[in-house]
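Colleague: My structure is stored as entry-v7.cif, with mmCIF, C-alpha atoms.
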```
data_upload
#
loop_
_atom_site.label_atom_id
_atom_site.label_comp_id
_atom_site.auth_asym_id
_atom_site.auth_seq_id
_atom_site.Cartn_x
_atom_site.Cartn_y
_atom_site.Cartn_z
CA MET A 1 101.00 121.61 91.28
CA ASP A 2 103.23 119.36 93.37
CA LEU A 3 105.71 118.10 90.77
CA ASN A 4 107.53 116.01 93.36
CA LYS A 5 104.31 114.13 94.12
CA SER A 6 103.38 113.82 90.44
CA ILE A 7 106.77 112.27 89.58
CA GLY A 8 106.64 110.04 92.64
CA ASN A 9 103.16 108.70 91.88
CA ALA A 10 103.87 108.20 88.18
CA THR A 11 107.15 106.36 88.76
CA GLN A 12 105.74 104.16 91.50
CA GLU A 13 102.72 103.21 89.39
CA ILE A 14 104.88 102.26 86.40
CA PHE A 15 107.20 100.10 88.50
CA GLN A 16 104.29 98.38 90.26
CA THR A 17 102.23 97.82 87.13
CA MET A 18 104.78 96.94 84.47
CA LEU A 19 107.89 95.82 86.36
CA MET A 20 106.34 94.21 89.44
CA MET A 21 108.84 96.16 91.55
CA GLU A 22 108.61 98.81 94.24
CA ALA A 23 110.30 102.15 93.54
CA GLN A 24 110.74 104.08 96.76
CA PRO A 25 111.10 107.86 96.35
CA GLY A 26 113.67 109.64 98.50
CA GLN A 27 114.15 113.19 99.66
CA GLN A 28 114.01 115.67 96.79
CA LEU A 29 117.51 116.86 95.77
CA THR A 30 118.35 120.55 95.65
CA LYS A 31 121.40 120.39 93.40
CA ARG A 32 121.62 118.60 90.07
CA ASP A 33 124.61 116.74 88.68
CA GLU A 34 125.48 117.63 85.11
CA VAL A 35 128.03 114.88 84.64
CA PHE A 36 126.99 111.23 84.71
CA LYS A 37 129.33 108.26 84.76
CA ASP A 38 128.68 104.69 83.57
CA SER A 39 125.00 105.50 83.30
CA VAL A 40 122.05 105.53 80.91
CA SER A 41 119.97 108.71 80.60
CA ALA A 42 116.68 109.14 78.75
CA ILE A 43 115.29 112.60 78.02
CA VAL A 44 111.79 113.52 76.85
CA GLY A 45 111.18 117.07 75.67
CA MET A 46 107.82 118.74 76.19
CA ALA A 47 106.64 121.76 74.20
CA GLY A 48 103.40 123.67 74.03
CA THR A 49 102.23 126.38 76.40
CA GLY A 50 105.79 126.22 77.75
CA LYS A 51 108.96 124.18 77.43
CA ALA A 52 109.99 121.40 79.75
CA ILE A 53 112.20 118.34 79.94
CA LEU A 54 111.87 115.14 81.88
CA ALA A 55 115.00 113.04 82.28
CA ILE A 56 115.81 109.75 83.96
CA HIS A 57 119.41 108.94 84.91
CA ILE A 58 120.19 105.34 85.78
CA PRO A 59 123.55 103.75 86.65
CA GLU A 60 124.33 100.92 84.23
CA PRO A 61 123.85 98.01 86.69
CA THR A 62 120.42 99.36 87.67
CA ALA A 63 119.51 99.90 84.00
CA LEU A 64 120.28 96.20 83.38
CA VAL A 65 117.98 95.20 86.27
CA ILE A 66 115.14 97.40 85.00
CA THR A 67 115.47 96.21 81.40
CA GLY A 68 115.61 92.59 82.56
CA SER A 69 112.37 93.11 84.48
CA PHE A 70 110.68 94.76 81.50
CA LEU A 71 111.70 91.97 79.14
CA MET A 72 111.57 89.13 81.70
CA MET A 73 115.03 87.92 80.70
CA GLU A 74 118.59 88.32 81.91
CA VAL A 75 120.27 91.37 80.40
CA THR A 76 124.05 91.56 80.80
CA GLU A 77 125.22 94.45 78.63
CA ILE A 78 124.13 97.93 77.67
CA ASP A 79 122.65 97.43 74.21
CA GLU A 80 119.77 98.67 72.08
CA ASP A 81 117.25 96.80 74.28
CA VAL A 82 118.46 98.71 77.36
CA LYS A 83 118.34 102.08 75.60
CA ASP A 84 114.87 101.30 74.26
CA ALA A 85 113.57 100.16 77.66
CA ILE A 86 114.90 103.18 79.54
CA GLY A 87 113.55 105.48 76.81
CA GLU A 88 110.12 103.89 77.17
CA LEU A 89 110.31 104.27 80.96
CA ALA A 90 110.98 108.01 80.55
CA ASN A 91 108.18 108.22 77.99
CA MET A 92 105.66 106.72 80.42
CA VAL A 93 106.73 108.95 83.33
CA ALA A 94 106.56 112.02 81.06
CA GLY A 95 103.11 110.99 79.85
CA SER A 96 101.79 110.75 83.41
CA VAL A 97 103.32 114.09 84.44
CA LYS A 98 101.92 115.65 81.28
CA ALA A 99 98.44 114.40 82.24
CA ASP A 100 98.76 116.14 85.62
CA LEU A 101 99.98 119.34 83.92
CA THR A 102 97.06 119.20 81.48
CA GLU A 103 94.66 119.17 84.44
CA GLN A 104 96.35 122.41 85.54
CA GLY A 105 95.60 124.03 82.16
CA HIS A 106 98.95 123.40 80.44
CA ASP A 107 99.11 121.99 76.94
CA PHE A 108 102.25 120.02 76.13
CA ARG A 109 103.24 117.57 73.40
CA LEU A 110 105.87 114.96 74.10
CA SER A 111 108.96 114.36 71.99
CA ILE A 112 110.26 110.91 71.13
CA PRO A 113 112.68 109.92 73.95
CA SER A 114 116.42 110.50 73.38
CA VAL A 115 118.79 108.14 75.15
CA VAL A 116 122.48 108.62 75.90
CA CYS A 117 124.87 106.34 77.73
CA GLY A 118 128.58 105.95 78.28
CA ALA A 119 131.53 106.14 80.62
CA GLU A 120 131.11 109.89 81.17
CA TYR A 121 128.75 112.42 79.62
CA GLU A 122 127.15 115.74 80.42
CA ILE A 123 123.50 116.77 80.26
CA ASP A 124 122.57 120.45 80.50
CA CYS A 125 119.16 121.76 81.31
CA PRO A 126 117.61 125.22 80.86
CA CYS A 127 119.26 127.44 83.46
CA ASP A 128 116.16 129.64 83.91
CA SER A 129 113.89 126.82 84.92
CA ASP A 130 111.93 125.55 87.88
CA GLY A 131 112.56 121.93 88.55
CA VAL A 132 112.55 118.95 90.82
CA ILE A 133 115.02 116.08 91.13
CA VAL A 134 113.71 112.97 92.82
CA PRO A 135 115.93 110.00 93.76
CA PHE A 136 114.37 106.52 93.75
CA SER A 137 115.53 103.22 95.22
CA ILE A 138 114.58 99.83 93.84
CA ASP A 139 115.71 96.31 94.68
CA GLY A 140 118.79 96.48 92.47
CA GLY A 141 119.92 100.07 92.73
CA ASP A 142 119.05 103.75 92.66
CA PHE A 143 118.17 106.24 89.93
CA LEU A 144 117.10 109.86 89.46
CA VAL A 145 114.08 111.43 87.78
CA GLU A 146 114.26 115.16 87.09
CA PHE A 147 111.75 117.53 85.57
CA HIS A 148 112.36 121.16 84.62
CA VAL A 149 109.90 123.73 83.28
CA GLN A 150 111.29 126.87 81.68
CA LYS A 151 110.16 130.00 83.50
CA MET B 1 89.08 80.68 63.99
CA ALA B 2 92.68 81.88 63.73
CA LYS B 3 93.08 85.38 65.13
CA LYS B 4 95.75 87.84 64.11
CA VAL B 5 96.79 91.04 65.88
CA LEU B 6 99.11 93.81 64.72
CA ILE B 7 101.04 95.74 67.40
CA ILE B 8 102.39 99.15 66.33
CA ASP B 9 104.92 100.81 68.63
CA ASP B 10 108.35 102.31 68.02
CA SER B 11 109.59 100.69 71.24
CA ASN B 12 110.64 97.06 70.87
CA THR B 13 110.34 96.77 74.66
CA MET B 14 106.73 97.94 74.60
CA ARG B 15 105.84 95.56 71.75
CA LYS B 16 107.18 92.69 73.87
CA ILE B 17 105.26 93.89 76.94
CA VAL B 18 102.02 94.15 74.94
CA THR B 19 102.59 90.66 73.50
CA ARG B 20 103.14 89.28 77.01
CA SER B 21 100.10 91.13 78.37
CA LEU B 22 97.86 89.69 75.62
CA ARG B 23 98.87 86.18 76.70
CA GLN B 24 98.43 87.04 80.40
CA ALA B 25 94.98 88.42 79.58
CA GLY B 26 94.03 85.07 78.06
CA LEU B 27 93.80 86.52 74.56
CA ASP B 28 95.60 83.82 72.59
CA PHE B 29 96.21 85.14 69.12
CA ASP B 30 97.56 82.65 66.61
CA THR B 31 99.66 85.30 64.95
CA ILE B 32 101.14 88.46 66.45
CA LEU B 33 102.56 90.87 63.86
CA GLU B 34 104.65 93.92 64.77
CA ALA B 35 105.43 97.28 63.18
CA GLY B 36 107.64 100.11 64.45
CA ASP B 37 105.54 103.00 63.10
CA GLY B 38 102.39 103.79 61.13
CA GLN B 39 104.02 103.50 57.70
CA ALA B 40 105.54 100.13 58.56
CA ALA B 41 102.08 99.04 59.74
CA LEU B 42 100.47 100.07 56.43
CA ASP B 43 103.17 98.05 54.65
CA VAL B 44 102.30 95.00 56.80
CA LEU B 45 98.57 95.48 56.17
CA ALA B 46 99.15 95.58 52.40
CA GLY B 47 100.03 91.89 52.57
CA GLU B 48 98.34 90.60 55.73
CA SER B 49 94.79 90.52 57.03
CA VAL B 50 94.45 91.06 60.79
CA ASP B 51 91.53 91.00 63.25
CA ILE B 52 92.59 93.89 65.47
CA ILE B 53 95.32 96.53 65.70
CA LEU B 54 96.93 97.95 68.85
CA SER B 55 98.73 101.21 68.15
CA ASP B 56 100.87 103.75 69.96
CA ILE B 57 100.31 107.41 69.05
CA ASN B 58 103.66 109.16 69.53
CA MET B 59 105.97 107.53 66.96
CA PRO B 60 108.56 108.69 64.44
CA VAL B 61 108.06 108.47 60.63
CA MET B 62 104.26 108.16 60.88
CA ASP B 63 102.43 108.64 64.16
CA GLY B 64 99.29 106.84 65.28
CA ILE B 65 96.93 109.67 64.31
CA GLU B 66 98.22 109.81 60.72
CA PHE B 67 98.08 106.01 60.60
CA LEU B 68 94.36 106.15 61.52
CA ARG B 69 93.80 108.80 58.84
CA GLN B 70 95.48 106.69 56.14
CA LYS B 71 93.70 103.54 57.29
CA GLN B 72 90.31 105.28 57.11
CA ALA B 73 91.03 106.22 53.51
CA ASN B 74 91.79 102.62 52.54
CA ASP B 75 88.63 100.57 51.92
CA LYS B 76 90.52 97.28 52.36
CA ILE B 77 91.54 97.96 55.96
CA LYS B 78 89.26 100.72 57.25
CA ASP B 79 86.97 98.33 59.15
CA ILE B 80 89.73 96.69 61.23
CA PRO B 81 89.26 97.87 64.85
CA VAL B 82 92.15 99.88 66.31
CA VAL B 83 92.84 100.33 70.03
CA MET B 84 95.31 103.06 70.94
CA ILE B 85 97.88 102.12 73.63
CA THR B 86 99.59 105.34 74.57
CA THR B 87 101.08 107.67 77.13
CA GLU B 88 99.27 110.48 75.27
CA ALA B 89 96.10 110.24 77.32
CA GLY B 90 95.02 113.84 76.70
CA ALA B 91 91.34 114.17 75.83
CA ASP B 92 92.11 116.21 72.71
CA ILE B 93 94.33 113.54 71.17
CA LEU B 94 92.05 110.68 72.16
CA ASP B 95 89.02 112.55 70.76
CA GLN B 96 90.95 113.01 67.52
CA ALA B 97 91.77 109.29 67.46
CA LYS B 98 88.12 108.44 68.10
CA SER B 99 86.94 110.73 65.31
CA LEU B 100 89.31 108.84 63.00
CA GLY B 101 87.78 105.51 63.93
CA ALA B 102 89.73 104.31 66.98
CA ALA B 103 87.59 101.77 68.84
CA GLY B 104 89.15 102.39 72.26
CA SER B 105 92.24 103.39 74.17
CA ILE B 106 94.48 102.06 76.92
CA LYS B 107 96.81 104.30 78.89
CA LYS B 108 100.39 103.25 79.59
CA PRO B 109 101.17 101.85 82.12
CA PHE B 110 98.50 99.17 81.83
CA THR B 111 97.62 95.79 83.32
CA PRO B 112 96.61 92.61 81.46
CA ASP B 113 93.13 93.07 82.96
CA GLN B 114 92.80 96.47 81.27
CA ILE B 115 93.87 94.89 77.97
CA GLN B 116 91.30 92.11 78.39
CA GLU B 117 88.54 94.55 79.33
CA THR B 118 89.11 96.76 76.29
CA LEU B 119 89.83 94.10 73.69
CA GLY B 120 87.38 91.47 74.92
CA GLY B 121 84.36 93.23 73.47
CA LEU B 122 86.00 93.88 70.13
CA LEU B 123 86.98 90.32 69.21
#
```
In structure tokens, write the structure found in this file.
Modeller:
Amino acid sequence: MDLNKSIGNATQEIFQTMLMMEAQPGQQLTKRDEVFKDSVSAIVGMAGTGKAILAIHIPEPTALVITGSFLMMEVTEIDEDVKDAIGELANMVAGSVKADLTEQGHDFRLSIPSVVCGAEYEIDCPCDSDGVIVPFSIDGGDFLVEFHVQK
Amino acid sequence: MAKKVLIIDDSNTMRKIVTRSLRQAGLDFDTILEAGDGQAALDVLAGESVDIILSDINMPVMDGIEFLRQKQANDKIKDIPVVMITTEAGADILDQAKSLGAAGSIKKPFTPDQIQETLGGLL
């Protein structure tokens, strides 16, 4: 299964359908950052026939743009609405990727999204995993979507 | 006739999006009630009568499947149609929801047209 394509299609569909925005995928990254600064990250765990995580990392200004588009209002600070919106975004991307994995014979259940934000924080991922990291550009900033399946 | 809808989703953002989509779909409910999980929805339904329920599946405290189970066991509310709005579009979960009385399902992300198409026949 082409995870890069699955993440790209899922993210683009969500932005087109629910945010009325275009999300342009970039070249897949080969190295992941573990430390994020002034950002909002949402993580959805997947468990079943294997273990996986899907995470979205969004710089704060871009998170404000995305949340404002979701809620159709101006959002000026990182608050519970922003954390909720970015969590729901990760939930929808994870749901679409899960559907593609199910077609390949995998059986996963999704966790409730966890959201972290702050001036500087670290997010680990399973070191023995296969994964993809896809950067996206929208009118208002950039963000990353990463997906890792434990080997 | 005044129409009431109950939206169940743990995401405040998604409840607002569903509310907006109902209006965009031309489905003008007089009253839109909200609940953050299945238990909160049962609490709302203990005091309010609604015409239709839109429910997420993957929620904390009480998920959408357990909500359907408890609703089916309650004679006062078991006949209210429920449409699942969820990222959990797996056939196994949706079959389970259907067997517990769900009248339909809509996959996130969705458009107002999809909302109209699914709910139109149930109202």
Colleague: Can you check which residues of chain B have any atom within 8 Å of chain A? Use all atoms listed in the file and format it as a list in words.
Modeller: Ser11, Asn12, Thr13, Met14, Lys16, Ile17, Asn58, Met59, Pro60, Thr87, Glu88, Ala89, Gly90, Lys108, Pro109, Phe110 and Thr111 of chain B
Colleague: Separation of CA of Val116 in chain A and CA of Met1 in chain A, in Å?
Modeller: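 So the two atoms, CA of Val116 in chain A and CA of Met1 in chain A, lie 29.4 Å apart.
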Colleague: What residues come out when you apply the PyMOL selection byres ((chain B and resi 36) around 6) to this file, written as a list in words?
Modeller: Ile8, Asp9, Asp10, Ala35 and Asp37 of chain B
Colleague: Once the PyMOL selection byres ((chain A and resi 32-35) around 8) is applied to the coordinates I shared, what remains selected? I want it as a PyMOL selection string.
Modeller: chain A and resi 29-31+36-37+120-124+133
Colleague: Of the residues B:Ile57, B:Asp63, B:Leu122, B:Ala103, which is the one nearest to Ala40 in chain B, using all atoms listed in the file?
Modeller: B:Asp63
Colleague: Between CA of Lys3 in chain B and CA of Ser49 in chain B, what is the distance in Å, rounded to a tenth?
Modeller: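 Between CA of Lys3 in chain B and CA of Ser49 in chain B the gap is 9.7 Å.
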Colleague: Near Gln24 in chain B, within 12 Å and counting all atoms listed in the file, which residues show up once chain neighbours fewer than 6 positions away are dropped, as a ChimeraX atom specification?
Modeller: /B:17-18,111-116
Colleague: Identify, on the basis of all atoms listed in the file, every residue whose closest approach to Ala55 in chain A does not exceed 9 Å; exclude the query and any residue fewer than 5 positions from it along the same chain; express the result as a PyMOL selection string.
Modeller: chain A and resi 41-45+90+94+144-148
Colleague: Specify as an MDAnalysis selection string each residue included when the PyMOL selection byres ((chain B and resi 95-99) around 12) is applied to this file.
Modeller: chainID B and resid 55:57 63:69 71:72 81:86 88:94 100:105
Colleague: How many Å separate CA of Met62 in chain B from CA of Leu42 in chain B?
Modeller: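 Atom-to-atom, CA of Met62 in chain B to CA of Leu42 in chain B, that is 10.0 Å.
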Colleague: Find, counting all atoms listed in the file, the residue in B:Val61, B:Leu33, B:Ile52, B:Ile7 that gets nearest to Thr118 in chain B.
Modeller: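 The answer is B:Ile52, which sits nearest to Thr118 in chain B.
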